[in-house]
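Enquirer: Got input-v3.cif for you, mmCIF, C-alpha atoms:
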```
data_work
#
loop_
_atom_site.label_atom_id
_atom_site.label_comp_id
_atom_site.auth_asym_id
_atom_site.auth_seq_id
_atom_site.Cartn_x
_atom_site.Cartn_y
_atom_site.Cartn_z
CA MET A 768 -17.08 6.83 26.79
CA LYS A 769 -15.07 7.37 23.61
CA PRO A 770 -13.85 10.94 22.99
CA GLN A 771 -15.48 12.82 20.13
CA HIS A 772 -13.10 12.88 17.16
CA ARG A 773 -12.64 15.94 15.00
CA VAL A 774 -12.71 15.46 11.23
CA LEU A 775 -11.61 18.04 8.65
CA VAL A 776 -13.08 17.61 5.16
CA LEU A 777 -11.29 19.28 2.22
CA ASP A 778 -13.03 19.59 -1.16
CA ASP A 779 -13.37 22.51 -3.57
CA ASP A 780 -17.07 21.71 -4.17
CA GLU A 781 -19.27 23.37 -1.52
CA GLU A 782 -22.23 21.06 -2.23
CA ILE A 783 -20.09 17.97 -1.70
CA LEU A 784 -18.71 19.46 1.52
CA SER A 785 -22.23 20.01 2.80
CA MET A 786 -23.25 16.45 1.85
CA TYR A 787 -20.21 14.82 3.52
CA SER A 788 -20.59 16.96 6.56
CA GLU A 789 -24.18 15.76 6.94
CA MET A 790 -23.22 12.09 6.35
CA LEU A 791 -20.27 12.12 8.74
CA ARG A 792 -22.24 13.69 11.57
CA ARG A 793 -24.58 10.67 11.42
CA LEU A 794 -21.75 8.16 12.08
CA PRO A 795 -22.09 6.11 15.29
CA SER A 796 -19.03 7.88 16.79
CA ARG A 797 -20.69 11.29 16.12
CA PRO A 798 -17.49 13.13 15.07
CA GLU A 799 -17.24 16.91 15.06
CA VAL A 800 -16.92 17.88 11.39
CA LYS A 801 -15.32 20.99 9.93
CA THR A 802 -15.12 21.72 6.21
CA VAL A 803 -12.71 23.72 4.07
CA ASN A 804 -12.57 24.34 0.31
CA ASP A 805 -8.88 25.17 -0.21
CA GLY A 806 -5.64 23.22 0.48
CA ALA A 807 -3.66 26.14 1.91
CA LYS A 808 -6.54 27.01 4.27
CA ALA A 809 -6.73 23.35 5.34
CA ILE A 810 -3.05 23.43 6.36
CA GLU A 811 -3.63 26.69 8.28
CA ILE A 812 -6.54 25.12 10.16
CA LEU A 813 -4.54 21.97 10.95
CA GLU A 814 -1.75 24.16 12.34
CA SER A 815 -4.11 25.95 14.69
CA GLU A 816 -6.56 23.22 15.75
CA PRO A 817 -6.19 19.51 16.59
CA PHE A 818 -7.89 17.04 14.24
CA PHE A 819 -8.00 13.26 14.19
CA LEU A 820 -8.78 12.70 10.51
CA LEU A 821 -8.41 14.65 7.27
CA LEU A 822 -10.68 13.62 4.38
CA CYS A 823 -9.17 15.11 1.25
CA ASP A 824 -10.29 15.41 -2.37
CA LEU A 825 -7.58 14.85 -5.01
CA LYS A 826 -8.64 17.12 -7.85
CA MET A 827 -8.66 20.75 -6.75
CA PRO A 828 -7.76 23.94 -8.64
CA GLN A 829 -5.18 25.71 -6.43
CA MET A 830 -3.20 23.02 -4.61
CA ASN A 831 -4.10 19.45 -5.57
CA GLY A 832 -4.82 16.76 -2.99
CA LEU A 833 -1.47 14.97 -3.38
CA GLU A 834 0.41 18.25 -2.76
CA VAL A 835 -1.68 18.92 0.34
CA LEU A 836 -1.16 15.36 1.61
CA ALA A 837 2.61 15.51 1.02
CA ILE A 838 2.80 18.54 3.32
CA VAL A 839 0.23 17.28 5.81
CA LYS A 840 1.84 13.82 6.24
CA ARG A 841 5.17 15.50 6.86
CA LYS A 842 3.89 18.15 9.27
CA PHE A 843 1.30 16.09 11.14
CA PRO A 844 2.50 12.46 11.13
CA TYR A 845 -0.13 11.41 13.67
CA LEU A 846 -3.06 12.76 11.67
CA ARG A 847 -5.04 10.07 9.88
CA THR A 848 -5.71 10.82 6.26
CA ALA A 849 -8.14 9.49 3.71
CA VAL A 850 -8.38 10.40 0.06
CA MET A 851 -11.86 10.59 -1.44
CA THR A 852 -11.89 10.94 -5.16
CA ALA A 853 -13.84 10.42 -8.32
CA LEU A 854 -10.53 9.55 -10.07
CA VAL A 855 -10.52 5.75 -10.40
CA ASP A 856 -6.82 5.51 -11.17
CA GLU A 857 -4.35 2.95 -9.84
CA GLU A 858 -1.44 5.36 -10.23
CA PHE A 859 -3.12 7.96 -8.01
CA ARG A 860 -4.04 5.17 -5.58
CA ALA A 861 -0.39 3.97 -5.46
CA LYS A 862 0.90 7.55 -5.08
CA SER A 863 -1.56 8.22 -2.25
CA TYR A 864 -0.60 5.08 -0.35
CA ALA A 865 3.10 5.85 -0.97
CA LEU A 866 2.53 9.15 0.83
CA GLY A 867 1.25 7.19 3.82
CA VAL A 868 -2.45 7.85 3.32
CA ASP A 869 -4.58 5.50 5.45
CA LEU A 870 -7.34 4.98 2.96
CA TYR A 871 -8.10 5.71 -0.69
CA LEU A 872 -11.86 5.96 -1.14
CA GLU A 873 -13.81 6.43 -4.31
CA LYS A 874 -16.59 9.00 -3.96
CA PRO A 875 -19.81 7.07 -3.41
CA ARG A 876 -22.37 7.19 -6.20
CA THR A 877 -25.00 4.83 -4.80
CA ALA A 878 -26.55 4.29 -1.38
CA GLU A 879 -24.62 1.04 -1.04
CA GLU A 880 -21.31 2.72 -1.87
CA ALA A 881 -22.17 5.48 0.57
CA GLN A 882 -22.63 2.81 3.27
CA VAL A 883 -19.23 1.28 2.46
CA PHE A 884 -17.70 4.77 2.55
CA MET A 885 -19.23 5.44 5.96
CA ASN A 886 -18.07 2.05 7.28
CA CYS A 887 -14.52 2.85 6.20
CA VAL A 888 -14.50 6.26 7.82
CA GLU A 889 -16.02 4.89 11.01
CA ALA A 890 -13.36 2.16 11.10
CA LEU A 891 -10.66 4.84 10.75
CA LEU A 892 -12.16 6.65 13.73
CA ASP A 893 -11.82 3.45 15.76
CA ASN A 894 -10.04 4.24 19.01
CA GLU A 895 -8.15 0.99 19.42
CA ILE A 896 -5.13 1.97 17.34
CA ASP A 897 -1.75 2.47 18.95
CA LEU A 898 -0.51 5.79 17.59
CA THR A 899 3.03 5.21 18.81
CA SER A 900 3.50 2.75 15.96
CA PHE A 901 3.45 5.72 13.55
CA LYS A 902 6.68 7.12 14.95
CA THR A 903 8.96 4.82 13.00
CA LYS A 904 8.00 3.66 9.55
CA GLU A 905 9.52 2.39 6.38
CA TRP A 906 10.08 4.92 3.63
CA ILE A 907 11.41 5.07 0.11
CA LEU A 908 14.26 7.43 0.90
CA ASP A 909 14.15 9.52 -2.28
CA ASP A 910 10.45 10.27 -1.61
CA LEU A 911 11.04 11.15 2.03
CA PHE A 912 13.96 13.46 1.22
CA LEU A 913 11.88 15.30 -1.37
CA LEU A 914 9.08 15.66 1.18
CA GLU A 915 11.55 17.09 3.68
CA ALA A 916 12.73 19.60 1.08
CA LEU A 917 9.15 20.50 0.13
CA ALA A 918 8.18 21.03 3.78
CA ARG A 919 11.38 23.08 4.38
CA ALA A 920 12.02 20.81 7.35
CA THR A 921 14.66 21.25 10.04
CA ASN A 922 15.33 17.93 11.74
CA ILE A 923 17.43 14.77 11.81
CA LEU A 924 16.39 11.57 10.05
CA LYS A 925 17.64 8.43 11.82
CA ILE A 926 17.60 5.77 9.13
CA SER A 927 18.23 2.06 9.54
CA ASN A 928 18.49 -0.60 6.89
CA GLY A 929 19.18 -4.03 8.38
CA VAL A 930 22.37 -3.73 10.42
CA HIS A 931 23.32 -0.35 8.89
CA ASN A 932 22.39 2.96 10.50
CA GLY A 933 22.72 6.48 9.17
CA ARG A 934 21.74 10.02 10.10
CA VAL A 935 20.84 12.89 7.84
CA TRP A 936 20.53 16.51 8.97
CA PHE A 937 18.04 18.80 7.21
CA LYS A 938 17.93 22.55 7.78
CA ASN A 939 15.14 24.58 6.18
CA GLY A 940 14.66 21.79 3.65
CA GLU A 941 18.33 21.61 2.67
CA VAL A 942 20.39 18.55 3.47
CA ILE A 943 23.47 19.85 5.34
CA HIS A 944 25.17 16.83 6.92
CA ALA A 945 25.06 13.03 7.00
CA THR A 946 26.87 10.22 8.77
CA MET A 947 27.00 6.49 8.16
CA GLY A 948 29.42 4.45 10.26
CA GLU A 949 32.86 6.03 9.91
CA ILE A 950 32.02 8.17 6.87
CA SER A 951 30.29 11.53 6.74
CA GLY A 952 29.23 14.26 4.33
CA SER A 953 28.07 13.67 0.74
CA GLU A 954 29.64 10.19 0.56
CA ALA A 955 27.68 9.06 3.64
CA LEU A 956 24.48 10.45 2.14
CA LEU A 957 25.09 8.64 -1.16
CA VAL A 958 25.65 5.35 0.68
CA ILE A 959 22.39 5.88 2.60
CA LEU A 960 20.49 6.75 -0.58
CA GLU A 961 21.82 3.60 -2.24
CA TRP A 962 19.79 1.59 0.30
CA LYS A 963 16.72 2.92 -1.54
CA ARG A 964 14.47 2.32 1.48
CA GLY A 965 14.80 2.24 5.24
CA MET A 966 13.07 2.49 8.59
CA VAL A 967 13.06 6.17 9.50
CA GLU A 968 12.63 8.01 12.76
CA ILE A 969 12.40 11.79 12.62
CA VAL A 970 13.94 13.56 15.62
CA THR A 971 14.25 17.20 16.58
CA PHE A 972 17.27 19.21 15.57
CA GLN A 973 18.68 20.24 18.97
CA GLU A 974 22.26 21.49 18.48
CA GLU A 975 23.70 23.53 15.65
CA GLN A 976 25.31 21.18 13.10
CA LYS A 977 28.34 22.15 11.01
CA ARG A 978 27.56 21.89 7.31
CA SER A 979 29.45 19.19 5.39
CA ILE A 980 27.20 18.81 2.32
CA PHE A 981 27.13 21.58 -0.26
CA ASP A 982 25.66 19.74 -3.27
CA SER A 983 21.96 20.25 -3.99
CA LEU A 984 19.55 17.48 -3.00
CA GLN A 985 18.55 16.99 -6.66
CA GLU A 986 22.19 16.42 -7.66
CA LEU A 987 22.72 13.96 -4.83
CA LEU A 988 19.53 12.06 -5.65
CA ALA A 989 20.59 11.84 -9.31
CA MET A 990 24.06 10.57 -8.34
CA ALA A 991 22.56 7.98 -5.99
CA ALA A 992 20.15 6.81 -8.71
CA GLN A 993 23.09 6.42 -11.10
CA ARG A 994 25.04 4.39 -8.54
CA ARG A 995 22.02 2.16 -7.89
CA ALA A 996 21.57 1.59 -11.63
CA ILE A 997 25.23 0.58 -12.02
CA ARG A 998 25.02 -1.75 -9.02
CA THR A 999 21.76 -3.32 -10.25
CA ALA A 1000 23.31 -3.88 -13.68
CA GLU A 1001 26.31 -5.59 -12.08
CA VAL A 1002 24.13 -7.84 -9.95
CA GLN A 1003 21.95 -8.59 -12.97
CA GLN A 1004 25.01 -9.54 -15.00
CA ARG A 1005 26.24 -11.89 -12.26
CA ILE A 1006 22.82 -13.57 -12.03
CA GLU A 1007 22.67 -14.01 -15.81
CA GLN A 1008 26.16 -15.50 -15.86
CA ALA A 1009 25.24 -17.90 -13.06
CA ILE A 1010 22.08 -18.94 -14.90
CA LYS A 1011 23.96 -19.47 -18.16
CA SER A 1012 26.63 -21.50 -16.38
CA VAL A 1013 24.09 -24.15 -15.36
CA ASP A 1014 22.77 -24.22 -18.91
CA HIS A 1015 19.31 -23.14 -17.92
CA ALA A 1016 18.02 -22.87 -21.44
CA GLU A 1017 14.48 -21.84 -20.59
CA SER A 1018 15.46 -19.52 -17.77
CA LEU A 1019 12.78 -17.60 -15.93
CA SER A 1020 14.88 -14.47 -16.27
CA SER A 1021 14.35 -14.42 -20.02
CA LYS A 1022 10.59 -14.22 -19.54
CA ALA A 1023 10.45 -12.12 -16.40
CA GLN A 1024 12.83 -9.38 -17.47
CA SER A 1025 10.34 -6.90 -18.80
CA SER A 1026 9.80 -3.33 -17.77
CA GLY A 1027 8.73 -2.96 -14.15
CA VAL A 1028 9.36 -6.60 -13.18
CA GLU A 1029 11.65 -6.84 -10.14
CA PHE A 1030 11.68 -10.54 -9.28
CA ALA A 1031 10.05 -13.87 -10.04
CA VAL A 1032 9.75 -17.18 -8.20
CA VAL A 1033 8.28 -20.46 -9.44
CA GLY A 1034 7.25 -23.23 -7.06
CA LYS A 1035 5.81 -26.68 -7.54
CA SER A 1036 3.02 -28.15 -5.48
CA ASP A 1037 5.18 -31.07 -4.29
CA SER A 1038 8.05 -28.98 -2.93
CA ASP A 1039 8.61 -26.07 -0.54
CA LEU A 1040 11.77 -25.11 -2.39
CA PRO A 1041 11.62 -22.79 -5.40
CA ALA A 1042 11.93 -24.60 -8.73
CA GLU A 1043 13.32 -21.40 -10.22
CA ALA A 1044 13.92 -17.83 -9.04
CA TRP A 1045 15.25 -14.57 -10.36
CA GLY A 1046 16.05 -11.19 -8.80
CA ILE A 1047 15.17 -12.02 -5.17
CA GLU A 1048 17.36 -12.70 -2.14
CA LYS A 1049 15.15 -15.13 -0.21
CA PRO A 1050 13.01 -16.91 -2.84
CA GLU A 1051 11.96 -19.66 -0.42
CA GLU A 1052 10.41 -17.03 1.91
CA MET A 1053 8.46 -15.45 -0.98
CA LEU A 1054 7.34 -18.87 -2.21
CA ALA A 1055 6.06 -19.76 1.28
CA LEU A 1056 4.12 -16.45 1.42
CA SER A 1057 2.70 -17.04 -2.08
CA LYS A 1058 1.59 -20.58 -1.18
CA THR A 1059 -0.14 -19.29 1.97
CA PHE A 1060 -1.88 -16.49 0.04
CA TRP A 1061 -2.94 -18.88 -2.73
CA SER A 1062 -4.35 -21.31 -0.19
CA ILE A 1063 -6.22 -18.45 1.55
CA GLY A 1064 -7.52 -17.23 -1.82
CA ASN A 1065 -8.91 -20.74 -2.41
CA GLN A 1066 -10.49 -20.82 1.06
CA ILE A 1067 -12.13 -17.39 0.58
CA GLY A 1068 -13.39 -18.48 -2.87
CA SER A 1069 -14.83 -21.65 -1.39
CA ALA A 1070 -16.45 -19.84 1.58
CA LEU A 1071 -18.14 -17.22 -0.65
CA GLU A 1072 -18.88 -19.75 -3.44
CA LEU A 1073 -16.80 -17.80 -5.96
CA GLY A 1074 -14.72 -20.72 -7.20
CA LYS A 1075 -10.92 -20.87 -7.40
CA PRO A 1076 -8.87 -17.68 -7.78
CA ASP A 1077 -7.47 -16.76 -11.20
CA MET A 1078 -4.77 -14.61 -9.64
CA ILE A 1079 -3.96 -12.52 -6.58
CA VAL A 1080 -2.42 -9.06 -6.81
CA CYS A 1081 -0.93 -7.42 -3.73
CA LEU A 1082 -0.37 -3.66 -3.98
CA GLY A 1083 2.24 -2.35 -1.58
CA GLN A 1084 3.54 1.05 -0.62
CA LEU A 1085 7.01 0.09 -1.80
CA GLU A 1086 6.36 -2.59 -4.43
CA HIS A 1087 3.62 -4.82 -5.79
CA PHE A 1088 3.55 -8.56 -6.33
CA GLY A 1089 1.21 -10.94 -8.05
CA ILE A 1090 0.52 -14.65 -7.67
CA ILE A 1091 -0.90 -16.96 -10.31
CA GLY A 1092 -1.05 -20.72 -10.36
CA ASN A 1093 -2.76 -24.04 -10.93
CA ASP A 1094 -2.75 -27.43 -9.20
CA ALA A 1095 0.82 -28.18 -10.32
CA ARG A 1096 2.73 -24.93 -9.95
CA LEU A 1097 2.66 -21.41 -8.62
CA LEU A 1098 4.31 -18.26 -9.97
CA CYS A 1099 4.99 -15.12 -7.92
CA VAL A 1100 6.23 -11.99 -9.69
CA GLY A 1101 7.35 -8.75 -8.01
CA PHE A 1102 6.70 -5.44 -9.74
CA ASN A 1103 7.93 -1.88 -9.47
CA ARG A 1104 5.37 0.21 -7.52
CA LEU A 1105 4.75 2.42 -10.57
CA LYS A 1106 3.37 -0.54 -12.54
CA ASN A 1107 -0.42 -0.31 -12.73
CA LEU A 1108 -2.92 -3.05 -11.97
CA ASN A 1109 -3.82 -3.87 -15.58
CA ASP A 1110 -0.16 -4.19 -16.58
CA ILE A 1111 0.49 -6.42 -13.56
CA LYS A 1112 -2.39 -8.72 -14.53
CA LYS A 1113 -1.23 -8.93 -18.16
CA SER A 1114 2.40 -9.57 -17.17
CA LEU A 1115 1.38 -12.32 -14.74
CA VAL A 1116 -0.67 -14.16 -17.36
CA ASN A 1117 2.04 -13.69 -19.98
CA ILE A 1118 4.89 -14.98 -17.81
CA PHE A 1119 2.80 -17.86 -16.45
CA ASN A 1120 1.58 -19.01 -19.87
CA THR A 1121 4.96 -18.85 -21.57
CA LYS A 1122 6.86 -20.53 -18.72
CA ARG A 1123 5.54 -24.10 -18.74
CA MET B 1391 -36.83 -22.18 -10.05
CA VAL B 1392 -35.71 -21.64 -6.47
CA ILE B 1393 -32.32 -23.18 -7.27
CA ASP B 1394 -31.96 -20.95 -10.32
CA ALA B 1395 -32.75 -17.88 -8.28
CA GLN B 1396 -30.16 -18.85 -5.66
CA SER B 1397 -27.41 -19.51 -8.18
CA GLU B 1398 -28.22 -16.17 -9.81
CA LEU B 1399 -27.74 -14.58 -6.40
CA ARG B 1400 -24.30 -16.22 -6.02
CA THR B 1401 -23.09 -14.98 -9.39
CA ASN B 1402 -24.06 -11.41 -8.56
CA ILE B 1403 -22.78 -11.33 -5.02
CA SER B 1404 -21.56 -7.91 -3.92
CA GLY B 1405 -21.06 -6.05 -0.67
CA SER B 1406 -18.47 -5.50 1.97
CA PHE B 1407 -17.61 -6.22 5.57
CA THR B 1408 -15.30 -4.55 8.04
CA ILE B 1409 -12.97 -6.35 10.43
CA SER B 1410 -11.81 -4.69 13.66
CA SER B 1411 -8.20 -4.76 14.84
CA SER B 1412 -9.16 -7.61 17.19
CA GLY B 1413 -10.38 -9.69 14.22
CA LYS B 1414 -14.11 -9.29 14.88
CA ILE B 1415 -16.72 -8.44 12.24
CA ILE B 1416 -17.95 -4.86 12.75
CA VAL B 1417 -20.49 -4.56 9.96
CA SER B 1418 -21.43 -6.42 6.79
CA THR B 1419 -23.45 -5.48 3.71
CA LEU B 1420 -23.00 -8.91 2.07
CA PRO B 1421 -26.12 -10.97 1.26
CA GLY B 1422 -27.77 -12.76 4.18
CA HIS B 1423 -26.94 -16.29 2.97
CA ILE B 1424 -23.31 -15.66 3.94
CA THR B 1425 -23.30 -16.41 7.63
CA LYS B 1426 -21.46 -14.51 10.32
CA ASP B 1427 -19.39 -17.67 11.01
CA THR B 1428 -18.24 -17.69 7.38
CA LEU B 1429 -17.26 -14.02 7.60
CA GLN B 1430 -15.46 -14.70 10.87
CA ASP B 1431 -13.46 -17.50 9.19
CA ILE B 1432 -12.53 -15.16 6.33
CA ALA B 1433 -11.59 -12.44 8.83
CA SER B 1434 -9.04 -14.77 10.46
CA LEU B 1435 -7.55 -15.56 7.04
CA VAL B 1436 -7.37 -11.86 6.12
CA ILE B 1437 -5.61 -10.96 9.37
CA LYS B 1438 -3.18 -13.84 8.69
CA MET B 1439 -2.41 -12.47 5.20
CA PHE B 1440 -1.44 -9.04 6.51
CA ALA B 1441 0.52 -10.52 9.44
CA ASN B 1442 2.48 -12.81 7.09
CA SER B 1443 3.27 -9.99 4.68
CA ILE B 1444 4.62 -7.82 7.51
CA GLU B 1445 6.65 -10.79 8.81
CA VAL B 1446 8.54 -10.98 5.52
CA GLN B 1447 8.82 -7.16 5.36
CA ARG B 1448 6.54 -6.74 2.37
CA PRO B 1449 3.74 -4.53 3.77
CA ILE B 1450 0.61 -4.49 1.63
CA SER B 1451 -1.87 -1.64 1.15
CA GLU B 1452 -4.39 -3.66 -0.87
CA ILE B 1453 -4.95 -7.29 -1.87
CA LYS B 1454 -7.06 -8.07 -4.91
CA ILE B 1455 -8.16 -11.67 -5.44
CA PHE B 1456 -9.51 -12.18 -8.95
CA PHE B 1457 -12.09 -14.93 -9.42
CA ASP B 1458 -13.86 -15.91 -12.61
CA GLN B 1459 -16.78 -13.53 -12.02
CA HIS B 1460 -15.82 -11.56 -8.92
CA ILE B 1461 -13.06 -9.51 -7.39
CA VAL B 1462 -12.40 -9.57 -3.64
CA SER B 1463 -10.54 -6.41 -2.56
CA ILE B 1464 -9.02 -6.33 0.90
CA ARG B 1465 -7.61 -3.14 2.39
CA PRO B 1466 -5.95 -2.85 5.79
CA LEU B 1467 -7.28 -0.33 8.27
CA ARG B 1468 -4.50 0.06 10.85
CA GLY B 1469 -4.88 -3.34 12.46
CA GLY B 1470 -8.24 -4.33 10.98
CA ALA B 1471 -9.41 -4.54 7.38
CA ILE B 1472 -12.26 -3.93 4.99
CA VAL B 1473 -13.22 -6.66 2.51
CA ILE B 1474 -15.16 -5.65 -0.60
CA VAL B 1475 -16.71 -8.19 -2.98
CA THR B 1476 -17.73 -6.92 -6.43
CA PRO B 1477 -18.74 -8.65 -9.66
CA SER B 1478 -15.94 -8.40 -12.21
CA LEU B 1479 -16.46 -6.76 -15.61
CA LYS B 1480 -16.41 -10.27 -17.12
CA SER B 1481 -19.54 -11.23 -15.19
CA LYS B 1482 -21.44 -8.19 -16.50
CA SER B 1483 -20.74 -8.96 -20.14
#
```
Output the file's structure in the form of structure tokens.
Expert:
Amino acid sequence: MKPQHRVLVLDDDEEILSMYSEMLRRLPSRPEVKTVNDGAKAIEILESEPFFLLLCDLKMPQMNGLEVLAIVKRKFPYLRTAVMTALVDEEFRAKSYALGVDLYLEKPRTAEEAQVFMNCVEALLDNEIDLTSFKTKEWILDDLFLLEALARATNILKISNGVHNGRVWFKNGEVIHATMGEISGSEALLVILEWKRGMVEIVTFQEEQKRSIFDSLQELLAMAAQRRAIRTAEVQQRIEQAIKSVDHAESLSSKAQSSGVEFAVVGKSDSDLPAEAWGIEKPEEMLALSKTFWSIGNQIGSALELGKPDMIVCLGQLEHFGIIGNDARLLCVGFNRLKNLNDIKKSLVNIFNTKR
Amino acid sequence: MVIDAQSELRTNISGSFTISSSGKIIVSTLPGHITKDTLQDIASLVIKMFANSIEVQRPISEIKIFFDQHIVSIRPLRGGAIVIVTPSLKSKS
């Protein structure tokens, strides 16, 4: 017999709380439901009682949902979280997923939407998930460091990026020490922050650590951002020089270099090798993924009698990418995670149509 | 007339289905003409999409496939997924 899960529902509207409470209690897994109308109270309850899932509204007067989730995801990494909101906004959706939220649900307005909502929540309450996989996860480091500061955390972050490993010590939300290979202190932290992202494991702070970093986190983040910008500009310059040197008059880079575009790959139907690529280390790998996704999009369209896909957009926690194509060629473009869905669609069509 | 009614049904298809972490269909609200076998085939493809994206270290929190008159949204649910089919704005105009 499956254990009864406990669900905490946070919304400032008492009527909505009552309605969700009623709906959730009718789920097949019969969860125990508790409701709360204030973010600070929700955190207090989570600190004193175990819960499996937090359902959280985004728009609330005192502490908004994203603020609550930032603290909750940091303090209770094993707690599943779902956002339920009337705000149909891709930016909020991207921010929520970037915080590690399991599901972003729009508040149901019809019986059918209510059924979908219930299905999603029931699926989240599914017991089959291995919670140990939550221990290590990939983070955008700037975001994680700000969360640590916000939560006034005291712990060590073990960060790996490929073959490189670093450690960062936080005490009461202040970064006090860092090591990376042979280097330590602020320089080590700046090198780690230059990675931009990494797999992170959070471990307990066991022994007193001598302080070697005295700059504020904001200053260090700003310095790291500056270093990244300089490095990106240098890489960009080298790519442009290489492209010019082969006299690539109609280079993809000239079309793809717009705000928020991170990379682009063009493939042809008769070859597994990219016909053109810009801003990406392994273009052949991305082209293979795009071809697989495009083929699957066609198969899903055929199975549901929807026709052929116009485009596919994949929204990620760290970045987004879009795929557009026809029988002869396929274009995959990577976008900054702050780019919204409509802009991604427009950019894809624009780059595809002008790059023939 | 029967054919017209059916094609009308296809152009207004909407609903969702949920896939468990083992790749099985948990529940579907899609129209009855879409068989469980069809959904099972799609489920395998969906699981493959997420597996491939993780393989190349590009984890995805949502896939949106845009068709002429529909949008298929696929969201992962820690091992499984939910697939939502909705008519696009184009189809309503």
Enquirer: Can I get the residues of chain B within 6 Å of chain A, each with the closest pair of atoms and their distance in Å to one decimal, using all atoms listed in the file, sorted chain first then ascending number, as a tab-separated table?
Expert:
```
residue	atom	partner	partner_atom	distance
B:Pro1449	CA	A:Gly1083	CA	6.0
B:Ile1450	CA	A:Gly1083	CA	4.2
B:Ser1451	CA	A:Gly1083	CA	5.0
B:Glu1452	CA	A:Leu1082	CA	5.1
B:Ile1453	CA	A:Cys1081	CA	4.4
B:Lys1454	CA	A:Val1080	CA	5.1
B:Ile1455	CA	A:Ile1079	CA	4.4
B:Phe1456	CA	A:Met1078	CA	5.4
B:Phe1457	CA	A:Pro1076	CA	4.5
```
Enquirer: Do you have the CA of Arg998 (chain A)-CA of Cys1099 (chain A) distance handy?
Expert: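 Between CA of Arg998 (chain A) and CA of Cys1099 (chain A) the gap is 24.1 Å.
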Enquirer: Care to translate the PyMOL selection byres ((chain B and resi 1436-1442) around 9) into actual residues of this file, as a list in words?
Expert: Leu1056, Thr1059, Phe1060 and Ile1063 of chain A; Ile1409, Ser1411, Gly1413, Asp1431, Ile1432, Ala1433, Ser1434, Leu1435, Ser1443, Ile1444, Glu1445, Val1446, Gln1447, Arg1448, Pro1449, Ile1450, Ile1464, Pro1466, Gly1469, Gly1470, Ala1471 and Val1473 of chain B
Enquirer: Just to confirm, what's the straight-line distance from CA of Gly1092 (chain A) to CA of Ser1478 (chain B) in Å (one decimal)?
Expert: 19.4 Å
Enquirer: Figure out the distance between CA of Lys1414 (chain B) and CA of Phe884 (chain A), please, to one decimal in Å.
Expert: 19.0 Å
Enquirer: List the neighbours of Leu784 (chain A) out to 8 Å using only C-alpha atoms; skip same-chain residues closer than 6 positions along the sequence, and give me the result as JSON, numbers by chain.
Expert: {"A": [776, 777, 778, 802, 803, 804]}
Enquirer: Could you give me, as an MDAnalysis selection string, the residues within 9 Å of Ala853 (chain A), counting all atoms listed in the file and dropping anything in the same chain fewer than 3 positions from it?
Expert: chainID A and resid 824:826 872:875
Enquirer: For the provided coordinates, the residues matched by the PyMOL selection byres ((chain A and resi 914-928) around 7) should be stated as a list in words.
Expert: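 Taken over the shown coordinates, the PyMOL selection byres ((chain A and resi 914-928) around 7) returns Ala837, Ile838, Arg841, Asp910, Leu911, Phe912, Leu913, Gly929, Val930, His931, Asn932, Gly933, Arg934, Val935, Trp936, Phe937, Lys938, Asn939, Gly940, Glu941, Gly965, Met966, Val967, Glu968, Ile969, Val970, Thr971 and Phe972 of chain A.
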Enquirer: Draw an axis-aligned box tight on the listed atoms of region 1437-1455 of chain B, then pad every side by 5 Å and write out centre and edge lengths in Å to one decimal as AutoDock Vina command-line options.
Expert:
```
--center_x 0.3 --center_y -7.7 --center_z 2.0 --size_x 27.0 --size_y 22.2 --size_z 24.9
```
Enquirer: List the residues selected by the PyMOL selection byres ((chain A and resi 1025-1039) around 8) in the file shown, writing them as a VMD selection string.
Expert: chain A and resid 1019 to 1020 1022 to 1024 1040 to 1047 1050 to 1051 1053 to 1055 1094 to 1103 1105 to 1106
Enquirer: So that I can see what lies close to Leu960 (chain A), please list as a PDB file with C-alpha atoms, in the frame of the given file the residues with an atom at most 9 Å from it, counting only C-alpha atoms and leaving out residues fewer than 6 positions away in the same chain.
Expert:
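Listed below is the output, selection_10.pdb:
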```pdb
ATOM      1  CA  LEU A 908      14.260   7.430   0.900  1.00  0.00           C
ATOM      2  CA  ASP A 909      14.150   9.520  -2.280  1.00  0.00           C
ATOM      3  CA  LEU A 987      22.720  13.960  -4.830  1.00  0.00           C
ATOM      4  CA  LEU A 988      19.530  12.060  -5.650  1.00  0.00           C
ATOM      5  CA  ALA A 991      22.560   7.980  -5.990  1.00  0.00           C
ATOM      6  CA  ALA A 992      20.150   6.810  -8.710  1.00  0.00           C
ATOM      7  CA  ARG A 995      22.020   2.160  -7.890  1.00  0.00           C
TER       8      ARG A 995
END
```
Enquirer: Show me, as a ChimeraX atom specification, the residues that have an atom within 8 Å of Val835 (chain A) when counting only C-alpha atoms, minus same-chain residues fewer than 4 positions from it.
Expert: /A:806-807,810,830-831,839
Enquirer: Excluding same-chain residues fewer than 5 positions from Phe843 (chain A), what lies within 10 Å of it counting all atoms listed in the file, as a ChimeraX atom specification?
Expert: /A:810,813-814,817-818,836,838
